[in-house]
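Only one structure is covered here, and it is reproduced in the block below.
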Amino acid sequence: MNSPLATLNKILTCSFVDGPGNRLVLFFQGCNLACSACHNPYTIGTCDHCGDCVPACDPGALTLQSNNVIFNPTLCDQCDACLTICPISASPMTTQFSVEDILALIRQHKPFLSGITVSGGEATMQSEFVKALFAAIKSDPELSDLTCFIDSNGMLDKTGWQYLLPVTDGVMLDIKSFATDLQKELTGHDNNAALDAAHVLLKAGKLYEIRYLLIPGKTDSTAELDQLVAFIQTLGLNTRVRLNAFQHHGVRGPALELDTMPKSGVDAVVELLADAGIHNVTTPAIYQ
Amino acid sequence: MPDIAEKLRKITNDPTLSPAQKAHYLAVEAENMLPYPELDADVQEALDNRIICDMLEGHAPYKPRYVLPDYNIVLQNGSDYLELPVPDNLDEAINTLMIAYHHVPSVTGLPVYLGDLDNLLLPFCDGVSDEALRRKIRLFWRYLDRTLPDAFMHANIGPSDNRVARAILEIDVELGQVAPNLTFLYDPDASTEDILRLATDNIVKCSKPHIANHPVHKATFDDRGYGIVSCYNALPVAGGSSTLTRINLKAVAELSESESHFLDDVLPRYMDMNFRLTETRISYLFEQSGFFDSFLVSEKWIDQDRFTAMYGIFAMAEAVNILQDKAGLEGRYGFDDRANDLGLRISKILSEAVEARPLKNTWRGRAMLHSQAGLSDDIEATPGIRIPYGIEPDPVSHVQALAPQHQYYPSGVSEILTIDETVKNNPEALYQLCKGALASGFREFTANVSSNDLVRVTGYMIRLSDVKKFNDQKGSRTNTTGLGAEAADLMGILDRKPRVVGHELSPGYS
């Protein structure tokens with residue numbers, strides 16, 4: 001059996017914001033939603049080698065060879081001109097890694113790590129790799145105390161979760177919105193699979209937290225928040241809820257016209273949740 | 001003497017100083033009106049040019065720089081000289097310590113070591129309820145901060161998990177005071193994970209305590225033990241350090257033509273001069289000052305054979321970068337493997353030279369190498385072996401770049417890791433980072449969480465709100481705020497950047 005490869009946009013060897021403790025985080029390239037408020041939109045698409053970015057690359061880190069865009073990271077000066085010009089919200093600056101590559105990196109940072117998190121993009125679109133990696137971590141006596149987490153948009157179906165959950169310790173799940181038209185506006189899809197995914201994960205004991213992005217005038221309406229409360233009640237009042245506040249960094253296009261979410265707005269939602277008996281809520285440490 | 005008279009007048013009339021602070025500065029000026037102990041011409045010139053430095057300890061060393069009494073002695077025997085009976089309950093024990101501290105000098109005149117407080121007080125805690133214990137510690141802590149207001153003053157707790165250590169951690173975070181500074185000695189075999197978590201949770205809230213790698217320090221010292229004092233100096237208990245001198249590695253690199261010239265010729269020359277400076281100062285202290293005729297020696301609180309000499313270096317980062325420039329190499333200290341390796345070779349040479357040089361009137365007959373954490377007027381010279389302010393890599397890369405250095409600095413080395421506020425939602429991350437750093441060989445783990453009012457400057461704590469107040473000319477009750485304010489202005493210390501958030505914002509593999 002060929003060992004799977006992951007197409008990654010970025011690896012962080014030290015993160016305090018992607019699950020419990022200090023974690024190594026893999027950002028997968030490619031997402032099956034196209035959220036207008038995405039903070040890293042260049043991870044959405046998958047490069048189709050159109051070559052539009054090659055002439056935009058001043059340091060010559062990108063070249064076209066046999067109709068493929070080839071990226072040389074040593075020449076890259078991180079000007080991001082290629083990301084701006086890319087017509088499909090992809091990035092040519094991706095690298096392929098084998099499970100062994102990632103295990104080597106984890107071993108190098110092991111004393112500092114509580115675990116690893118796969119994020120993106122949408123990591124579950126590369127499920128085969130995620131499963132192989134997590135299984136390898138679990139079966140290695142030197143690494144098996146690391147927890148394996150997935151940060152997901154919840155588009156994966158039940159069968160998909162059943163494939164991953166035996167080797168997964170926890171999932172952080174994005175709940176984007178509730179009303180169908182708003183869901184369509186925000187994500188490009190009217191499918192709200194994440195709500196079902198939450199129950200699948202809860203039943204398996206693997207729902208670590210749900211995340212909800214507060215966008216003024218969109219996801220903070222009374223109707224949306226009422227549905228959020230009702231939804232959390234179906235999961236249990238102790239569900240860990242992380243409220244994120246929409247900010248402009250990284251965002252492109254029309255979403256820049258939207259207001260950012262101030263601390264006062266987040267605090268009001270915290271109060272609303274508390275009134276409904278939901279207290280396990282984390283809020284942003286910083287607003288910028 | 002018109003200049004001196006003018007300076008003394010300025011001190012006496014300074015509206016920002018308390019009478020006690022004035023008395024201290026006047027005493028320093030008076031001491032420095034005496035001629036310096038005689039130095040040879042080369043050493044004098046190097047000292048005048050500040051290539052080597054005596055930390056401005058004064059012209060007539062009449063007390064050791066750091067004194068670490070064995071407080072068990074006074075708690076077990078009382079003191080004839082101080083007319084103190086043997087304490088037999090917790091109130092009496094704390095009261096005995098409170099009195100004892102006022103008789104323990106240091107370079108600043110205030111005590112730098114308060115003892116391994118949990119081990120000292122535990123025998124007196126039978127029958128004392130947790131609530132009573134916390135109340136007594138709270139009053140004790142308030143007393144220390146208000147009467148001995150110097151952040152160099154340091155209490156130790158650990159390595160065991162015990163109720164006094166827990167009460168101290170609880171009260172320390174509750175009060176959020178500058179003084180005393182606090183170190184938890186961590187030993188994976190003797191401490192519990194639980195108490196380490198309590199300690200790292202405190203760091204998240206108030207940047208205190210800092211965590212010492214107990215097994216590593218223990219192996220460096222002997223059965224009478226060691227203490228962590230002042231800016232993370234590890235020194236023998238029942239002794240201390242007579243003096244701290246240091247070499248400005250940046251200045252030495254500037255005088256060198258190349259890496260090999262630096263390593264083979266210029267550095268050894270200045271090392272020798274720094275040894276001579278150290279010898280001169282120790283000889284005055286031991287042979288002329290009469291310090292060791294004190295009751296501290298006759299009652300065995302201290303033993304004059306247990307005083308080391310701290311042999312300091314600083315500005316390693318600048319020295320390495322200058323030598324890299326001279327070799328036409330771009331790699332920077334803290335980031336580049338070759339530059340880091342050069343730093344490591346320099347430390348090895350320093351360490352071997354200190355080990356090879358017999359030194360009269362020092363513990364075990366040798367000085368101890370020290371990564372010196374800076375003076376407030378060091379300009380463009382990074383403390384010790386640290387990575388320059390404001391450009392540090394993420395905390396893990398930071399630790400990994402410097403961990404191999406720590407073996408060479410037995411009398412103290414510390415990095416201040418700046419952690420951004422997101423850790424407040426995830427204190428487990430700081431716990432893990434601390435464990436990783438100690439497992440990697442760090443002798444000390446010290447972190448600042450970026451939004452805390454209480455932050456470390458070079459090694460001591462200041463309150464950011466106090467710095468602001470001091471700069472507004474209102475003066476400060478604590479002696480270290482003045483130093484902190486000066487350092488913050490000159491050194492860009494508060495530029496130290498949090499580095500963990502925001503990576504997701506710069507796409508591309510790096």
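Following the order of the structure tokens, chains are lettered A, B, ..., residues in each are numbered from 1, and ligands are numbered from 1.
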
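For Phe97 in chain A, the list of residues within 10 Å, based on only C-alpha atoms and with local chain neighbours fewer than 3 positions off taken out, reads Pro4, Leu5, Ala6, Thr7, Leu8, Thr94, Glu100, Asp101, Ile102 and Phe129 of chain A.
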
For this session: Could you find all residues in range 262-483 of chain B that DSSP calls strand (DSSP E) from the backbone, and write them as a PyMOL selection string?
Result: chain B and resi 307-314+368-371+416-419+444-449+454-456+461-463

Using the selection just defined, write its residues with N, CA and C atoms as an mmCIF file, in the first residue's frame.
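New file selection.cif:
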data_model
loop_
_atom_site.group_PDB
_atom_site.id
_atom_site.type_symbol
_atom_site.label_atom_id
_atom_site.label_comp_id
_atom_site.auth_asym_id
_atom_site.auth_seq_id
_atom_site.Cartn_x
_atom_site.Cartn_y
_atom_site.Cartn_z
ATOM 1 N N PHE B 307 31.755 30.946 49.888
ATOM 2 C CA PHE B 307 31.473 32.074 48.989
ATOM 3 C C PHE B 307 32.206 31.881 47.669
ATOM 4 N N THR B 308 31.436 31.844 46.598
ATOM 5 C CA THR B 308 32.041 31.712 45.284
ATOM 6 C C THR B 308 32.284 33.104 44.711
ATOM 7 N N ALA B 309 32.824 33.151 43.499
ATOM 8 C CA ALA B 309 32.896 34.403 42.757
ATOM 9 C C ALA B 309 32.137 34.164 41.462
ATOM 10 N N MET B 310 31.180 35.020 41.179
ATOM 11 C CA MET B 310 30.427 34.842 39.932
ATOM 12 C C MET B 310 31.200 35.520 38.810
ATOM 13 N N TYR B 311 31.470 34.705 37.793
ATOM 14 C CA TYR B 311 32.258 35.189 36.668
ATOM 15 C C TYR B 311 31.286 35.385 35.506
ATOM 16 N N GLY B 312 30.895 36.618 35.259
ATOM 17 C CA GLY B 312 29.794 36.887 34.336
ATOM 18 C C GLY B 312 30.252 37.230 32.925
ATOM 19 N N ILE B 313 29.362 36.963 32.001
ATOM 20 C CA ILE B 313 29.555 37.444 30.629
ATOM 21 C C ILE B 313 28.219 38.005 30.165
ATOM 22 N N PHE B 314 28.259 38.925 29.202
ATOM 23 C CA PHE B 314 27.009 39.367 28.582
ATOM 24 C C PHE B 314 27.267 39.790 27.137
ATOM 25 N N MET B 368 32.562 30.691 39.376
ATOM 26 C CA MET B 368 31.489 29.982 38.661
ATOM 27 C C MET B 368 30.989 30.875 37.532
ATOM 28 N N LEU B 369 30.920 30.279 36.326
ATOM 29 C CA LEU B 369 30.515 31.063 35.151
ATOM 30 C C LEU B 369 29.033 31.455 35.257
ATOM 31 N N HIS B 370 28.737 32.640 34.788
ATOM 32 C CA HIS B 370 27.393 33.196 34.965
ATOM 33 C C HIS B 370 26.980 33.973 33.714
ATOM 34 N N SER B 371 25.765 33.711 33.268
ATOM 35 C CA SER B 371 25.203 34.475 32.153
ATOM 36 C C SER B 371 24.502 35.682 32.773
ATOM 37 N N ILE B 416 14.101 35.005 29.235
ATOM 38 C CA ILE B 416 12.722 35.383 29.534
ATOM 39 C C ILE B 416 11.905 35.094 28.288
ATOM 40 N N LEU B 417 10.999 34.153 28.398
ATOM 41 C CA LEU B 417 10.168 33.828 27.242
ATOM 42 C C LEU B 417 8.922 34.698 27.297
ATOM 43 N N THR B 418 8.668 35.407 26.221
ATOM 44 C CA THR B 418 7.474 36.237 26.190
ATOM 45 C C THR B 418 6.342 35.442 25.548
ATOM 46 N N ILE B 419 5.265 35.351 26.275
ATOM 47 C CA ILE B 419 4.140 34.534 25.848
ATOM 48 C C ILE B 419 2.955 35.470 25.628
ATOM 49 N N GLU B 444 16.618 27.216 34.187
ATOM 50 C CA GLU B 444 15.534 28.029 34.742
ATOM 51 C C GLU B 444 14.486 28.234 33.660
ATOM 52 N N PHE B 445 13.250 28.255 34.074
ATOM 53 C CA PHE B 445 12.185 28.594 33.139
ATOM 54 C C PHE B 445 11.499 29.855 33.648
ATOM 55 N N THR B 446 11.494 30.890 32.823
ATOM 56 C CA THR B 446 10.952 32.177 33.213
ATOM 57 C C THR B 446 10.097 32.709 32.072
ATOM 58 N N ALA B 447 8.879 33.110 32.381
ATOM 59 C CA ALA B 447 8.018 33.592 31.303
ATOM 60 C C ALA B 447 7.267 34.843 31.728
ATOM 61 N N ASN B 448 7.048 35.707 30.759
ATOM 62 C CA ASN B 448 6.203 36.877 30.932
ATOM 63 C C ASN B 448 4.983 36.702 30.057
ATOM 64 N N VAL B 449 3.819 36.887 30.628
ATOM 65 C CA VAL B 449 2.630 36.880 29.782
ATOM 66 C C VAL B 449 2.318 38.330 29.452
ATOM 67 N N LEU B 454 2.525 42.924 36.101
ATOM 68 C CA LEU B 454 3.781 42.543 36.739
ATOM 69 C C LEU B 454 4.649 41.849 35.695
ATOM 70 N N VAL B 455 5.782 42.457 35.321
ATOM 71 C CA VAL B 455 6.638 41.801 34.323
ATOM 72 C C VAL B 455 8.091 41.804 34.793
ATOM 73 N N ARG B 456 8.841 40.880 34.240
ATOM 74 C CA ARG B 456 10.261 40.842 34.532
ATOM 75 C C ARG B 456 10.969 41.835 33.640
ATOM 76 N N MET B 461 11.367 41.888 38.940
ATOM 77 C CA MET B 461 10.012 42.218 38.532
ATOM 78 C C MET B 461 9.760 43.720 38.686
ATOM 79 N N ILE B 462 8.989 44.259 37.793
ATOM 80 C CA ILE B 462 8.483 45.610 37.996
ATOM 81 C C ILE B 462 6.997 45.611 37.654
ATOM 82 N N ARG B 463 6.308 46.620 38.134
ATOM 83 C CA ARG B 463 4.923 46.805 37.721
ATOM 84 C C ARG B 463 4.900 47.849 36.624
#

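Closest to Glu170 in chain B among B:Asn202, B:Gln304, B:Asn426, B:Asn248 is B:Asn202, based on only C-alpha atoms.
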
Using only C-alpha atoms, find the residues of chain A whose closest atom to chain B is at most 9 Å away, then write them as a PDB file with C-alpha atoms, in the first residue's frame.
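Contents of part.pdb, freshly written:
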ATOM      1  CA  LEU A   8       0.023  21.290   3.557  1.00  0.00           C
ATOM      2  CA  ASN A   9      -0.066  25.040   3.487  1.00  0.00           C
ATOM      3  CA  LYS A  10       1.772  25.492   6.744  1.00  0.00           C
ATOM      4  CA  ILE A  11       3.068  23.749   9.827  1.00  0.00           C
ATOM      5  CA  LEU A  12       3.270  25.437  13.215  1.00  0.00           C
ATOM      6  CA  THR A  13       5.430  23.700  15.785  1.00  0.00           C
ATOM      7  CA  CYS A  14       4.146  25.854  18.643  1.00  0.00           C
ATOM      8  CA  SER A  15       0.536  26.940  19.003  1.00  0.00           C
ATOM      9  CA  PHE A  16      -1.481  27.850  22.079  1.00  0.00           C
ATOM     10  CA  VAL A  17      -4.744  28.434  20.215  1.00  0.00           C
ATOM     11  CA  GLY A  19      -6.692  22.923  21.265  1.00  0.00           C
ATOM     12  CA  PRO A  20      -5.548  22.091  24.777  1.00  0.00           C
ATOM     13  CA  GLY A  21      -1.921  22.791  25.672  1.00  0.00           C
ATOM     14  CA  ASN A  22       0.897  23.494  23.279  1.00  0.00           C
ATOM     15  CA  ARG A  23       0.275  21.832  19.925  1.00  0.00           C
ATOM     16  CA  PHE A  27      -2.732  23.414   8.046  1.00  0.00           C
ATOM     17  CA  HIS A  39      -9.281  34.457   7.806  1.00  0.00           C
ATOM     18  CA  ASN A  40      -7.013  32.353   5.621  1.00  0.00           C
ATOM     19  CA  TYR A  42      -5.619  31.145   0.420  1.00  0.00           C
ATOM     20  CA  THR A  43      -6.131  27.718   1.976  1.00  0.00           C
ATOM     21  CA  PRO A  73      10.672  27.661  -0.561  1.00  0.00           C
ATOM     22  CA  THR A  74      14.320  28.715  -0.206  1.00  0.00           C
ATOM     23  CA  CYS A  76      10.450  32.689  -1.357  1.00  0.00           C
ATOM     24  CA  GLN A  78       6.846  35.652   1.590  1.00  0.00           C
ATOM     25  CA  ASP A  80       2.307  36.779  -0.986  1.00  0.00           C
ATOM     26  CA  LEU A  83      -1.908  34.593  -3.273  1.00  0.00           C
ATOM     27  CA  SER A  91      -1.782  28.777  -2.940  1.00  0.00           C
ATOM     28  CA  PRO A  92       1.158  27.554  -4.967  1.00  0.00           C
ATOM     29  CA  MET A  93       3.239  27.609  -1.776  1.00  0.00           C
ATOM     30  CA  THR A  94       2.234  24.182  -0.570  1.00  0.00           C
ATOM     31  CA  THR A  95       4.451  21.263   0.265  1.00  0.00           C
ATOM     32  CA  HIS A 109       9.431  18.861  19.367  1.00  0.00           C
ATOM     33  CA  LYS A 110       8.009  16.119  21.576  1.00  0.00           C
ATOM     34  CA  PRO A 111       9.070  17.439  25.018  1.00  0.00           C
ATOM     35  CA  PHE A 112       7.129  20.651  24.398  1.00  0.00           C
ATOM     36  CA  LEU A 113       3.955  19.163  22.958  1.00  0.00           C
ATOM     37  CA  SER A 114       0.599  18.308  24.496  1.00  0.00           C
ATOM     38  CA  HIS A 249      -7.006  40.412   9.376  1.00  0.00           C
ATOM     39  CA  GLY A 250      -6.533  37.978   6.516  1.00  0.00           C
ATOM     40  CA  THR A 282     -14.178  30.905  26.121  1.00  0.00           C
ATOM     41  CA  THR A 283     -13.775  34.289  24.504  1.00  0.00           C
ATOM     42  CA  PRO A 284     -10.906  35.827  22.564  1.00  0.00           C
ATOM     43  CA  ALA A 285      -7.893  36.828  24.671  1.00  0.00           C
ATOM     44  CA  ILE A 286      -7.215  39.696  22.285  1.00  0.00           C
TER      45      ILE A 286
END

Exercise. If you count only C-alpha atoms, which residues fall within 8 Å of Phe152 in chain B, apart from same-chain ones fewer than 2 positions away, as an MDAnalysis selection string?
Worked result: chainID B and resid 112 150 154 179:181 229:231 460 480

For this session: Excluding Cys82 in chain A and any residue of its chain fewer than 2 positions from it, enumerate the residues within 7 Å of it, using only C-alpha atoms, and give them as a list in words.
Result: Cys53, Ala56, Cys57, Asp80, Thr84, Ile85 and Cys86 of chain A

Store the residues picked out above in a file with C-alpha atoms, as a PDB file, in the first residue's frame.
ATOM      1  CA  CYS A  53       1.192  33.318 -10.332  1.00  0.00           C
ATOM      2  CA  ALA A  56       4.040  37.644 -10.309  1.00  0.00           C
ATOM      3  CA  CYS A  57       6.803  35.981  -8.319  1.00  0.00           C
ATOM      4  CA  ASP A  80       2.307  36.779  -0.986  1.00  0.00           C
ATOM      5  CA  THR A  84      -3.296  37.932  -4.390  1.00  0.00           C
ATOM      6  CA  ILE A  85      -3.249  36.975  -8.042  1.00  0.00           C
ATOM      7  CA  CYS A  86      -4.582  33.432  -7.682  1.00  0.00           C
TER       8      CYS A  86
END

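What separates CA of Val354 in chain B from CA of Leu267 in chain B is a distance of 12.6 Å.
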
Which residues of range 15-128 of chain A come within 9 Å of range 149-157 of chain A, and for each one, what is the closest pair of atoms and their distance in Å to one decimal, counting only C-alpha atoms, sorted by chain and residue number, as CSV?
residue,atom,partner,partner_atom,distance
A:Asp18,CA,A:Asp151,CA,7.8
A:Gly19,CA,A:Phe149,CA,7.3
A:Cys31,CA,A:Asn153,CA,8.9
A:Asn32,CA,A:Met155,CA,7.6
A:Leu33,CA,A:Asn153,CA,8.0
A:Gly115,CA,A:Phe149,CA,7.6
A:Ile116,CA,A:Phe149,CA,6.2
A:Thr117,CA,A:Phe149,CA,4.6
A:Val118,CA,A:Ile150,CA,5.0
A:Ser119,CA,A:Asp151,CA,4.9
A:Gly120,CA,A:Asp151,CA,7.7
A:Gly121,CA,A:Ser152,CA,8.7
A:Glu122,CA,A:Ser152,CA,6.1
A:Ala123,CA,A:Ser152,CA,7.0
A:Thr124,CA,A:Leu156,CA,6.9
A:Met125,CA,A:Leu156,CA,8.0

Problem set entry | Per-residue DSSP, range 368-455 of chain B, filtered to alpha helix (DSSP H), as a ChimeraX atom specification | /B:395-402,427-439

Name the residues in contact with range 198-210 of chain A at a cut-off of 8 Å, using only C-alpha atoms, excluding same-chain residues fewer than 2 positions from it; report them as a compact mmCIF listing (two decimals) with C-alpha atoms, in the first residue's frame.
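Once everything was written out, this is part_29.txt:
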# COMPACT_ATOMS: atom_id res chain seq x y z
CA GLY A 154 -18.21 19.56 10.01
CA LYS A 158 -21.15 10.09 9.54
CA TRP A 161 -16.26 10.42 11.04
CA LEU A 165 -12.77 8.75 15.24
CA THR A 168 -8.96 10.82 17.14
CA ASP A 169 -9.09 12.24 20.67
CA GLY A 170 -11.12 15.35 20.09
CA VAL A 171 -12.72 17.56 17.47
CA MET A 172 -13.15 21.31 17.47
CA LEU A 173 -16.17 21.96 15.32
CA ASP A 174 -17.14 25.19 13.55
CA ILE A 175 -20.81 26.09 13.65
CA ALA A 194 -22.02 20.51 11.07
CA LEU A 195 -25.13 20.31 13.27
CA ASP A 196 -25.42 16.58 12.57
CA TYR A 212 -19.00 30.10 16.70
CA LEU A 235 -25.73 18.92 23.15
CA THR A 239 -20.58 21.81 26.09
CA ARG A 240 -17.39 23.78 25.68
CA VAL A 241 -18.20 26.79 23.50
CA ARG A 242 -15.60 29.06 21.98

Exercise. Leaving out Gly253 in chain A and any residue of its chain fewer than 4 positions from it, which residues lie within 12 Å of it when counting only C-alpha atoms, given as a ChimeraX atom specification?
Worked result: /A:35-39,41,84,89,248-249,257-258

Exercise. Any idea what's packed within 8 Å of range 335-351 of chain B, counting only C-alpha atoms, ignoring anything in its chain fewer than 3 positions away? Could you give it as a ChimeraX atom specification?
Worked result: /B:263,316-317,320-321,324,331-332,354-355,369,393,401-402,404-405,408-409

Could those selected residues go to a file with C-alpha atoms, as a short mmCIF file (atom, residue, chain, number, x, y, z; two decimals), in the first residue's frame?
data_model
loop_
_atom_site.label_atom_id
_atom_site.label_comp_id
_atom_site.auth_asym_id
_atom_site.auth_seq_id
_atom_site.Cartn_x
_atom_site.Cartn_y
_atom_site.Cartn_z
CA LEU B 263 38.95 32.91 20.52
CA MET B 316 26.87 37.02 23.56
CA ALA B 317 24.34 37.73 20.80
CA VAL B 320 28.49 36.27 17.73
CA ASN B 321 26.84 38.53 15.16
CA GLN B 324 29.74 36.40 11.82
CA GLY B 331 23.43 33.90 10.03
CA ARG B 332 22.23 35.55 13.23
CA VAL B 354 36.95 29.32 34.62
CA GLU B 355 37.33 25.69 35.69
CA LEU B 369 30.52 31.06 35.15
CA PRO B 393 11.67 33.29 17.61
CA ALA B 401 18.29 27.45 20.29
CA LEU B 402 19.60 28.18 23.78
CA PRO B 404 22.60 23.53 24.87
CA GLN B 405 24.17 26.66 26.40
CA TYR B 408 28.04 25.92 30.90
CA TYR B 409 26.53 28.40 33.37
#
